[in-house]
>>> print(open('structure_35.cif').read())   # mmCIF, C-alpha atoms
data_model
loop_
_atom_site.label_atom_id
_atom_site.label_comp_id
_atom_site.auth_asym_id
_atom_site.auth_seq_id
_atom_site.Cartn_x
_atom_site.Cartn_y
_atom_site.Cartn_z
CA MET W 613 98.06 102.23 110.57
CA ILE W 614 101.64 101.56 111.69
CA ASN W 615 104.43 103.97 110.81
CA LYS W 616 107.18 101.48 109.92
CA ARG W 617 110.01 103.96 110.46
CA LEU W 618 108.74 104.62 113.97
CA LEU W 619 108.33 100.89 114.59
CA ILE W 620 111.96 100.27 113.62
CA LYS W 621 113.11 103.07 115.94
CA ASN W 622 111.09 101.58 118.78
CA LEU W 623 112.48 98.09 118.15
CA LEU W 624 116.04 99.41 118.17
CA ALA W 625 115.54 101.69 121.17
CA HIS W 626 113.73 99.36 123.55
CA ASN W 627 114.87 95.88 122.70
CA ASP W 628 118.04 93.91 122.21
CA GLU W 629 117.69 90.91 119.91
CA ASN W 630 115.24 88.50 121.50
CA SER W 631 112.70 85.81 120.75
CA PHE W 632 110.50 88.09 118.58
CA TYR W 633 113.11 90.38 117.03
CA ASP W 634 116.38 90.01 115.13
CA LYS W 635 118.59 92.47 113.27
CA LYS W 636 120.99 92.03 110.38
CA ARG W 637 123.60 94.17 108.66
CA GLN W 638 122.39 92.89 105.30
CA LEU W 639 120.72 89.98 103.52
CA ASN W 640 122.51 87.95 100.88
CA LEU W 641 120.03 85.91 98.87
CA HIS W 642 122.41 85.41 95.95
CA THR W 643 123.97 82.32 97.57
CA LYS W 644 122.63 79.13 99.14
CA GLU W 645 124.38 79.99 102.40
CA GLY W 646 122.68 83.39 102.53
CA LYS W 647 119.28 81.90 101.73
CA ALA W 648 119.75 79.20 104.37
CA LYS W 649 120.56 81.76 107.09
CA PHE W 650 117.53 83.87 106.19
CA LEU W 651 115.17 80.88 106.10
CA LYS W 652 116.53 79.56 109.40
CA HIS W 653 115.69 82.85 111.16
CA ILE W 654 112.23 82.98 109.55
CA CYS W 655 111.56 79.42 110.75
CA ALA W 656 112.77 80.11 114.29
CA LEU W 657 110.93 83.40 114.80
CA SER W 658 107.71 81.94 113.42
CA ASN W 659 107.86 78.91 115.72
CA SER W 660 108.62 81.04 118.77
CA ASN W 661 105.82 83.55 118.13
CA PRO W 662 102.62 81.73 117.18
CA SER W 663 100.42 84.51 118.66
CA ASN W 664 102.09 87.74 117.56
CA ASN W 665 104.12 89.32 114.77
CA SER W 666 107.88 88.92 114.87
CA TYR W 667 110.43 91.07 113.07
CA ILE W 668 113.83 91.18 111.37
CA VAL W 669 115.41 94.60 110.81
CA VAL W 670 117.97 94.74 107.98
CA GLY W 671 120.56 97.49 107.59
CA VAL W 672 121.67 97.94 111.22
CA GLU W 673 125.12 97.41 112.73
CA ASP W 674 124.79 94.60 115.25
CA ALA W 675 127.14 95.96 117.91
CA THR W 676 126.20 99.66 117.86
CA ASN W 677 122.61 99.72 116.53
CA GLU W 678 123.79 102.31 113.98
CA ILE W 679 121.38 102.61 111.04
CA VAL W 680 123.57 102.17 107.95
CA GLY W 681 120.92 100.97 105.51
CA ASP W 682 120.94 98.34 102.79
CA ASP W 683 119.99 98.21 99.12
CA PHE W 684 116.34 98.50 98.13
CA PHE W 685 115.09 94.92 98.03
CA ASP W 686 112.18 93.96 95.81
CA ASP W 687 110.16 91.52 97.89
CA SER W 688 107.54 90.47 95.34
CA GLN W 689 108.75 86.86 95.16
CA ILE W 690 110.38 86.40 98.58
CA GLN W 691 107.30 84.62 99.93
CA ASN W 692 107.80 82.00 97.23
CA LEU W 693 111.36 81.41 98.49
CA VAL W 694 109.98 80.71 101.96
CA ASN W 695 107.23 78.50 100.53
CA ALA W 696 109.78 76.52 98.50
CA TYR W 697 111.78 75.37 101.54
CA LEU W 698 109.51 75.51 104.61
CA GLU W 699 106.61 73.24 105.45
CA ASN W 700 103.80 75.24 107.12
CA PRO W 701 105.47 78.48 105.97
CA PRO W 702 104.48 81.70 107.71
CA LYS W 703 103.27 84.68 105.71
CA ILE W 704 106.01 87.27 105.57
CA GLN W 705 106.27 90.82 104.33
CA TYR W 706 109.47 92.64 103.36
CA GLU W 707 109.21 96.43 103.38
CA ASN W 708 111.79 99.05 102.44
CA VAL W 709 111.75 101.92 104.93
CA PRO W 710 113.57 105.20 104.08
CA PHE W 711 115.43 107.11 106.78
CA PRO W 712 116.40 110.81 106.48
CA ASN W 713 120.13 110.27 107.07
CA LEU W 714 120.50 107.59 104.39
CA PRO W 715 121.28 108.10 100.67
CA LYS W 716 118.35 107.81 98.24
CA ASP W 717 119.37 104.30 97.19
CA LYS W 718 119.61 102.98 100.77
CA VAL W 719 116.78 101.90 103.07
CA VAL W 720 116.23 99.85 106.19
CA GLY W 721 114.53 96.53 105.49
CA LEU W 722 111.71 95.40 107.77
CA VAL W 723 110.67 91.74 107.62
CA THR W 724 107.33 91.11 109.31
CA ILE W 725 106.56 87.47 110.10
CA LYS W 726 102.85 86.89 110.66
CA PRO W 727 101.67 84.62 113.50
CA LYS W 728 100.42 81.09 112.86
CA SER W 729 99.66 78.11 115.06
CA THR W 730 101.45 75.30 113.17
CA THR W 731 105.17 74.49 113.46
CA SER W 732 107.40 75.38 110.50
CA TYR W 733 110.23 73.08 109.44
CA PHE W 734 112.46 72.52 106.41
CA LYS W 735 110.79 70.24 103.90
CA LYS W 736 114.03 70.07 101.90
CA GLY W 737 117.65 70.80 102.67
CA ILE W 738 119.67 73.87 101.71
CA HIS W 739 123.38 74.49 102.30
CA THR W 740 124.18 72.80 105.67
CA ILE W 741 120.53 72.56 106.81
CA VAL W 742 119.05 69.11 106.27
CA ALA W 743 115.44 68.27 105.50
CA ASN W 744 113.03 68.09 108.48
CA SER W 745 115.15 70.51 110.56
CA THR W 746 113.23 72.72 112.98
CA PHE W 747 114.47 75.92 114.63
CA VAL W 748 113.35 78.11 117.56
CA ARG W 749 114.50 81.32 119.22
CA ARG W 750 115.95 81.12 122.70
CA GLY W 751 116.60 84.68 123.74
CA SER W 752 118.71 86.20 120.97
CA ASN W 753 119.90 82.83 119.62
CA THR W 754 118.45 80.72 116.83
CA SER W 755 118.78 77.05 117.72
CA PRO W 756 117.79 73.69 116.21
CA THR W 757 115.35 71.58 118.19
CA SER W 758 113.96 68.08 117.99
CA GLU W 759 111.40 68.64 120.75
CA LYS W 760 107.75 69.47 120.31
CA ILE W 761 107.34 73.25 120.43
CA PRO W 762 104.69 74.34 122.96
CA TYR W 763 102.17 77.02 121.99
CA SER W 764 103.23 80.30 123.58
CA LYS W 765 101.84 83.80 124.14
CA GLN W 766 104.96 85.08 125.89
CA ASN W 767 105.54 88.10 123.63
CA VAL W 768 101.99 89.16 122.81
CA GLU W 769 101.68 92.09 125.23
CA THR W 770 105.16 93.43 124.43
CA VAL W 771 104.64 93.36 120.66
CA ILE W 772 101.15 94.90 120.86
CA SER W 773 102.56 97.72 122.97
CA LEU W 774 105.37 98.35 120.48
CA GLU W 775 102.96 98.41 117.55
CA ASN W 776 100.50 100.71 119.34
CA ASN W 777 103.31 103.15 120.10
CA SER W 778 104.23 103.18 116.41
CA ARG W 779 100.87 104.32 115.04
CA ASN W 780 100.86 106.98 112.34
CA SER W 781 99.54 110.51 112.86
CA ILE W 782 98.41 113.40 110.64
CA SER W 783 101.55 115.28 111.67
CA TYR W 784 103.84 112.46 110.51
CA THR W 785 101.96 112.23 107.21
CA LEU W 786 102.05 115.96 106.39
CA GLU W 787 105.70 116.33 107.36
CA SER W 788 106.64 113.32 105.23
CA VAL W 789 104.79 114.60 102.13
CA LEU W 790 106.51 117.99 102.41
CA ASP W 791 109.90 116.35 102.96
CA PHE W 792 109.43 114.05 99.95
CA ILE W 793 108.44 116.80 97.52
CA SER W 794 110.33 119.85 98.79
CA ASN W 795 113.57 118.38 100.12
CA ARG W 796 114.44 114.89 98.91
CA HIS W 797 113.17 115.29 95.34
CA LYS W 798 113.20 119.02 94.71
CA ASP W 799 115.25 118.47 91.53
CA MET W 800 112.64 116.12 90.00
CA SER W 801 109.03 116.04 88.94
CA ALA W 802 107.25 115.06 92.18
CA ASN W 803 103.56 114.33 92.79
CA TYR W 804 101.18 112.95 95.38
CA LYS W 805 97.75 111.33 95.34
CA VAL W 806 95.32 110.69 98.20
CA PHE W 807 93.29 107.48 98.10
CA LYS W 808 90.12 106.81 100.12
CA GLU W 809 90.74 110.01 102.11
CA LEU W 810 93.38 108.07 104.04
CA PHE W 811 96.31 106.75 101.98
CA VAL W 812 98.91 109.10 100.50
CA VAL W 813 101.22 107.92 97.70
CA CYS W 814 104.12 110.17 96.62
CA TRP W 815 106.25 109.60 93.55
CA ALA W 816 109.13 111.37 91.83
CA GLY W 817 111.33 110.79 88.80
CA ASN W 818 112.75 112.24 85.62
CA LYS W 819 109.73 112.59 83.35
CA LYS W 820 109.69 112.12 79.58
CA THR W 821 107.03 111.59 76.92
CA VAL W 822 107.39 108.98 74.17
CA HIS W 823 104.56 108.54 71.62
CA ASN W 824 102.16 110.38 73.95
CA GLU W 825 103.02 108.02 76.82
CA ILE W 826 104.66 109.36 80.01
CA TYR W 827 107.60 107.46 81.50
CA TYR W 828 109.80 108.08 84.53
CA SER W 829 113.41 107.17 85.24
CA ARG W 830 115.30 107.34 88.57
CA VAL W 831 111.93 106.62 90.12
CA ASP W 832 111.12 106.76 93.83
CA ILE W 833 107.62 105.84 95.06
CA GLU W 834 106.50 105.81 98.71
CA LEU W 835 103.37 104.97 100.67
CA ILE W 836 103.71 107.90 103.05
CA ASN W 837 101.31 106.71 105.77
CA GLU W 838 103.48 103.71 106.60
CA GLN W 839 106.84 105.26 105.63
CA VAL W 840 107.38 102.46 103.10
CA LYS W 841 109.28 102.80 99.84
CA LEU W 842 107.21 100.93 97.23
CA PHE W 843 109.66 101.23 94.36
CA TYR W 844 113.15 102.55 93.67
CA SER W 845 115.28 102.21 90.56
CA ALA W 846 118.26 104.14 89.28
CA LEU W 847 118.29 102.36 85.91
CA ASP W 848 114.92 101.08 84.74
CA GLU W 849 112.01 103.11 83.44
CA VAL W 850 108.42 102.90 84.62
CA SER W 851 104.97 104.06 83.63
CA ILE W 852 102.47 105.10 86.31
CA THR W 853 98.69 104.96 86.14
CA TYR W 854 96.05 105.48 88.82
CA ASP W 855 92.34 105.90 89.43
CA GLU W 856 90.28 106.42 92.58
CA ASP W 857 90.97 102.91 93.91
CA THR W 858 94.33 101.79 92.49
CA PHE W 859 97.88 102.92 91.83
CA SER W 860 99.83 100.88 89.24
CA ILE W 861 103.51 100.78 88.37
CA THR W 862 104.73 99.02 85.21
CA GLU W 863 108.49 98.54 85.11
CA TYR W 864 110.57 98.19 81.93
CA VAL W 865 114.12 96.87 81.60
CA CYS W 866 116.68 97.68 78.92
CA LEU W 867 117.92 94.47 77.32
CA GLY W 868 119.44 95.48 74.02
CA LEU W 869 122.80 93.85 73.32
CA ASN W 870 125.36 96.55 74.02
CA ASP W 871 122.87 99.37 73.49
CA LYS W 872 120.13 101.21 75.36
CA THR W 873 117.31 101.01 72.84
CA SER W 874 115.42 97.77 73.54
CA PHE W 875 112.98 97.93 76.47
CA TYR W 876 110.87 95.04 77.73
CA PRO W 877 108.03 95.14 80.28
CA LEU W 878 109.20 93.38 83.44
CA GLU W 879 106.47 93.60 86.05
CA LYS W 880 103.25 95.38 86.91
CA VAL W 881 102.55 96.18 90.56
CA THR W 882 99.09 97.40 91.54
CA ILE W 883 98.24 98.79 94.97
CA ARG W 884 94.51 98.44 95.57
CA PHE W 885 92.99 100.59 98.33
CA PHE W 886 89.79 99.73 100.20
CA ASP W 887 87.26 101.81 102.12
CA ASN W 888 87.88 99.89 105.36
CA GLY W 889 91.43 101.22 105.71
CA TYR W 890 93.27 98.28 104.17
CA TYR W 891 95.25 97.94 100.98
CA LYS W 892 96.49 95.04 98.88
CA ILE W 893 99.52 94.81 96.60
CA GLU W 894 99.10 92.64 93.49
CA THR W 895 102.08 91.68 91.33
CA GLN W 896 102.04 90.44 87.76
CA LEU W 897 105.27 89.33 86.09
CA LEU W 898 105.18 90.39 82.42
CA PHE W 899 108.71 89.53 81.36
CA GLU W 900 109.29 87.45 78.23
CA PRO W 901 113.05 87.13 77.64
CA PRO W 902 114.28 88.08 74.15
CA LEU W 903 115.67 85.29 71.97
CA TYR W 904 118.83 85.75 69.94
CA ASN W 905 120.87 83.79 67.41
CA LYS W 906 122.98 81.25 69.33
CA LYS W 907 126.08 81.75 67.18
CA ILE W 908 126.06 85.50 67.79
CA LEU W 909 125.46 84.95 71.50
CA HIS W 910 128.30 82.43 71.73
CA HIS W 911 130.75 85.04 70.44
CA ILE W 912 129.39 87.70 72.81
CA TYR W 913 129.44 85.21 75.72
CA ASN W 914 133.12 84.42 75.19
CA THR W 915 133.98 88.13 74.94
CA ASN W 916 132.17 88.87 78.21
CA ASN W 917 133.86 85.95 79.98
CA ALA W 918 137.25 87.24 78.83
CA ILE W 919 136.53 90.66 80.36
CA LEU W 920 135.41 89.09 83.66
CA SER W 921 138.47 86.86 83.72
CA LYS W 922 140.79 89.86 83.35
CA LEU W 923 138.89 91.70 86.07
CA GLN W 924 139.12 88.75 88.49
CA LYS W 925 142.85 88.31 87.82
CA GLY W 926 143.56 91.97 88.43
CA ILE W 927 144.62 92.65 84.83
CA GLN W 928 144.11 96.24 83.69
CA LEU W 929 141.13 96.59 81.36
CA GLN W 930 141.40 98.50 78.11
CA PRO W 931 139.22 101.65 77.78
CA ASN W 932 136.76 99.88 75.47
CA GLU W 933 136.56 96.92 77.90
CA LYS W 934 135.70 99.28 80.76
CA ILE W 935 132.82 100.59 78.67
CA ASP W 936 131.71 97.05 77.77
CA LEU W 937 131.81 95.99 81.44
CA VAL W 938 128.77 98.21 82.15
CA ASN W 939 126.75 95.97 79.81
CA VAL W 940 128.22 92.63 80.94
CA PRO W 941 125.61 91.83 83.65
CA HIS W 942 122.64 92.37 81.32
CA THR W 943 124.39 90.62 78.44
CA LEU W 944 125.19 87.55 80.55
CA MET W 945 121.58 87.50 81.72
CA ILE W 946 120.45 87.37 78.08
CA CYS W 947 122.91 84.50 77.51
CA TYR W 948 121.59 82.68 80.60
CA LEU W 949 117.99 83.06 79.42
CA ASN W 950 119.01 81.71 76.03
CA GLY W 951 120.47 78.45 77.32
CA PHE W 952 123.98 79.35 78.54
CA ASP W 953 123.36 77.76 81.93
CA ASP W 954 126.61 78.74 83.65
CA ALA W 955 126.36 82.44 82.73
CA LYS W 956 124.48 83.31 85.93
CA GLN W 957 127.07 81.63 88.17
CA LYS W 958 129.94 83.34 86.36
CA LEU W 959 128.27 86.65 87.08
CA ILE W 960 127.76 85.80 90.77
CA ASP W 961 131.39 84.68 91.08
CA ALA W 962 132.50 88.10 89.83
CA LYS W 963 130.29 90.03 92.30
CA ILE W 964 133.03 91.29 94.61
CA HIS W 965 135.10 92.58 91.66
CA LEU W 966 132.11 94.30 90.08
CA LYS W 967 131.26 95.88 93.43
CA HIS W 968 134.67 97.52 93.75
CA PHE W 969 135.08 98.56 90.12
CA GLU W 970 135.80 102.27 89.58
CA ASN W 971 132.50 102.87 87.76
CA PRO W 972 129.61 102.40 90.25
CA ILE W 973 127.11 101.80 87.40
CA VAL W 974 128.73 98.37 86.88
CA TYR W 975 127.66 97.07 90.31
CA LEU W 976 124.30 98.79 90.02
CA SER W 977 123.75 96.88 86.78
CA PHE W 978 124.71 93.62 88.53
CA LYS W 979 122.14 94.19 91.29
CA GLU W 980 119.39 94.97 88.78
CA VAL W 981 120.13 91.76 86.88
CA MET W 982 120.06 89.62 90.02
CA ARG W 983 116.73 91.19 90.98
CA ILE W 984 115.22 90.26 87.60
CA LEU W 985 116.54 86.69 87.77
CA ARG W 986 115.19 86.30 91.31
CA LYS W 987 111.76 87.42 90.16
CA MET W 988 111.77 84.88 87.37
CA LYS W 989 113.01 82.00 89.53
CA TYR W 990 110.38 82.32 92.24
CA ASN W 991 107.48 83.40 90.07
CA ILE W 992 104.82 80.69 90.29
CA LYS W 993 102.26 80.81 87.57
#
>>> encode(input="structure_35.cif", output="structure tokens")
Amino acid sequence: MINKRLLIKNLLAHNDENSFYDKKRQLNLHTKEGKAKFLKHICALSNSNPSNNSYIVVGVEDATNEIVGDDFFDDSQIQNLVNAYLENPPKIQYENVPFPNLPKDKVVGLVTIKPKSTTSYFKKGIHTIVANSTFVRRGSNTSPTSEKIPYSKQNVETVISLENNSRNSISYTLESVLDFISNRHKDMSANYKVFKELFVVCWAGNKKTVHNEIYYSRVDIELINEQVKLFYSALDEVSITYDEDTFSITEYVCLGLNDKTSFYPLEKVTIRFFDNGYYKIETQLLFEPPLYNKKILHHIYNTNNAILSKLQKGIQLQPNEKIDLVNVPHTLMICYLNGFDDAKQKLIDAKIHLKHFENPIVYLSFKEVMRILRKMKYNIK
């Protein structure tokens, strides 16, 4: 079993960017340009490594290799993004890896691109990339190509060596469990569970009981063996259930209009553990958007747009508008899901202003909303 934190350290320590490895400061999948860049690198690394895994590390300064981290990224639908644009898409896995020096809400992203023998290419265009484009890695550069790509095993031995040197140990596991419970979450209710005498899952959060059901907020869940953060949320609430073979997380989102009383189930994630040392993550989207009276929504929509307009123009917000701004992302999402088609774009256009607003909860709310909308867009029934 590979310790993903150790793998990232080994990638950074022993390799500059090359034909099986790339690093990024951050991913931006909110825009077509950001999606195009991500898909281009996936295409190129896959084509250049048909016999071994290839990797992208996210949250690292390019020039200095400093680990600065990035936001927790929910990967449950990212494979569908790749499938939507690439012909012969590779299987990919996005994992959130915590590092001791980073804040709780920051991780290093690890994209693993599985090997395959067929050539990937764009089946439809996005941003400046046209349909039928093909990309490869030449050293540290991603380049377009019109030539037939030969089958290669050039990186197999190097990657196998890196992965073997990143194997987990009992020492790593025990130290990580103690660190999770005693240091990083000593102010919360923290627990652990061992599955199949091999896998260790730790979780922590603020615990409360409602109608005999236990819920957690500010939840952090990690698969300790691989140093992978399975779930993190500073806003939403979750319920946790488990038996001898599975660990399940059901996430709820607050979508009341200008209040915090209406919760809707968003997604259920189940980690299923097997006796042979493997596990599988199954995701079920549960979200059914609430429907509201269009006349009421129209009034709320205009009010929210007026607040965003003042923010973008640099006009000082009134105290009540600052309070309302916390709810604007979720409110505009409700409007978008009820037929106000440009509400999502208005929210994206205001991103930079929300990010630098004096109340950090505003930008946190924006990121949560974009995560929900991304899940819905790429969920294939």
>>> atom_distance(input="structure_35.cif", atom1="CA of Ser764 in chain W", atom2="CA of Tyr706 in chain W")
24.5 Å
>>> closest_residue(input="structure_35.cif", among="W:Ser752, W:Asn622, W:Leu867, W:His642", to="Asp674 in chain W", atoms="all atoms listed in the file")
W:Ser752
>>> atom_distance(input="structure_35.cif", atom1="CA of Asn795 in chain W", atom2="CA of Lys616 in chain W")
20.6 Å
>>> closest_residue(input="structure_35.cif", among="W:Leu937, W:Leu985, W:Leu657, W:Cys814", to="Asp791 in chain W", atoms="all atoms listed in the file")
W:Cys814
>>> resolve_selection(input="structure_35.cif", expression="the PyMOL selection byres ((chain W and resi 865) around 10)", output="mmCIF file with C-alpha atoms, keeping the file's coordinate frame")
data_model
loop_
_atom_site.group_PDB
_atom_site.id
_atom_site.type_symbol
_atom_site.label_atom_id
_atom_site.label_comp_id
_atom_site.auth_asym_id
_atom_site.auth_seq_id
_atom_site.Cartn_x
_atom_site.Cartn_y
_atom_site.Cartn_z
ATOM 1 C CA LEU W 847 118.290 102.360 85.910
ATOM 2 C CA ASP W 848 114.920 101.080 84.740
ATOM 3 C CA GLU W 849 112.010 103.110 83.440
ATOM 4 C CA VAL W 850 108.420 102.900 84.620
ATOM 5 C CA GLU W 863 108.490 98.540 85.110
ATOM 6 C CA TYR W 864 110.570 98.190 81.930
ATOM 7 C CA CYS W 866 116.680 97.680 78.920
ATOM 8 C CA LEU W 867 117.920 94.470 77.320
ATOM 9 C CA GLY W 868 119.440 95.480 74.020
ATOM 10 C CA LYS W 872 120.130 101.210 75.360
ATOM 11 C CA SER W 874 115.420 97.770 73.540
ATOM 12 C CA PHE W 875 112.980 97.930 76.470
ATOM 13 C CA TYR W 876 110.870 95.040 77.730
ATOM 14 C CA PRO W 877 108.030 95.140 80.280
ATOM 15 C CA LEU W 878 109.200 93.380 83.440
ATOM 16 C CA GLU W 879 106.470 93.600 86.050
ATOM 17 C CA PHE W 899 108.710 89.530 81.360
ATOM 18 C CA HIS W 942 122.640 92.370 81.320
ATOM 19 C CA GLU W 980 119.390 94.970 88.780
ATOM 20 C CA VAL W 981 120.130 91.760 86.880
ATOM 21 C CA ILE W 984 115.220 90.260 87.600
#
>>> resolve_selection(input="structure_35.cif", expression="the PyMOL selection byres ((chain W and resi 613) around 9)", output="list of chain:residue names")
W:Ile614, W:Asn615, W:Ser778, W:Arg779, W:Asn780, W:Ser781, W:Asn837, W:Glu838, W:Gly889, W:Tyr890
>>> residues_around(input="structure_35.cif", residues="Lys841 in chain W", least_positions_apart="4", cutoff="8 Å", atoms="only C-alpha atoms", output="MDAnalysis selection string")
chainID W and resid 707:710 832:835
>>> closest_residue(input="structure_35.cif", among="W:Leu944, W:Ile679, W:Ile826, W:Val720", to="His911 in chain W", atoms="only C-alpha atoms")
W:Leu944
>>> residues_around(input="structure_35.cif", residues="Val813 in chain W", least_positions_apart="5", cutoff="12 Å", atoms="all atoms listed in the file", output="ChimeraX atom specification")
/W:785-786,788-789,792-793,802-808,832-843,852,854,858-861,883-885
>>> closest_residue(input="structure_35.cif", among="W:Asn939, W:Gln766, W:Thr746, W:Thr754", to="Asn661 in chain W", atoms="all atoms listed in the file")
W:Gln766
>>> closest_residue(input="structure_35.cif", among="W:Glu856, W:Asp961, W:Glu900, W:Glu809", to="Leu920 in chain W", atoms="only C-alpha atoms")
W:Asp961
>>> residues_around(input="structure_35.cif", residues="Pro727 in chain W", least_positions_apart="3", cutoff="7 Å", atoms="all atoms listed in the file", output="ChimeraX atom specification")
/W:658,661-665
>>> atom_distance(input="structure_35.cif", atom1="CA of Ile893 in chain W", atom2="CA of Asn776 in chain W")
23.5 Å
>>> closest_residue(input="structure_35.cif", among="W:Asn971, W:Ser732, W:Gln896, W:Asn914", to="Phe747 in chain W", atoms="all atoms listed in the file")
W:Ser732
>>> resolve_selection(input="structure_35.cif", expression="the PyMOL selection byres ((chain W and resi 640) around 12)", output="list in words")
Lys636, Arg637, Gln638, Leu639, Leu641, His642, Thr643, Lys644, Glu645, Gly646, Lys647, Ala648, Lys649, Phe650, Leu651, Val670, Gly671, Asp682, Asp683, Phe685, Ile960, Lys963, Lys979, Met982 and Arg983 of chain W
>>> residues_around(input="structure_35.cif", residues="Phe734 in chain W", least_positions_apart="3", cutoff="12 Å", atoms="only C-alpha atoms", output="MDAnalysis selection string")
chainID W and resid 648 651:656 693:701 731 737:747 756
>>> residues_near_point(input="structure_35.cif", point="(119.6, 86.4, 77.3)", cutoff="9 Å", atoms="all atoms listed in the file", output="tab-separated table (two decimals) with C-alpha atoms, in the frame of the given file")
chain	number	residue	atom	x	y	z
W	867	LEU	CA	117.92	94.47	77.32
W	901	PRO	CA	113.05	87.13	77.64
W	902	PRO	CA	114.28	88.08	74.15
W	903	LEU	CA	115.67	85.29	71.97
W	904	TYR	CA	118.83	85.75	69.94
W	909	LEU	CA	125.46	84.95	71.50
W	942	HIS	CA	122.64	92.37	81.32
W	943	THR	CA	124.39	90.62	78.44
W	944	LEU	CA	125.19	87.55	80.55
W	945	MET	CA	121.58	87.50	81.72
W	946	ILE	CA	120.45	87.37	78.08
W	947	CYS	CA	122.91	84.50	77.51
W	948	TYR	CA	121.59	82.68	80.60
W	949	LEU	CA	117.99	83.06	79.42
W	950	ASN	CA	119.01	81.71	76.03
W	951	GLY	CA	120.47	78.45	77.32
W	952	PHE	CA	123.98	79.35	78.54
>>> residues_near_point(input="structure_35.cif", point="(136.7, 86.1, 86.5)", cutoff="10 Å", atoms="all atoms listed in the file", output="VMD selection string")
chain W and resid 916 to 926 958 to 963 965
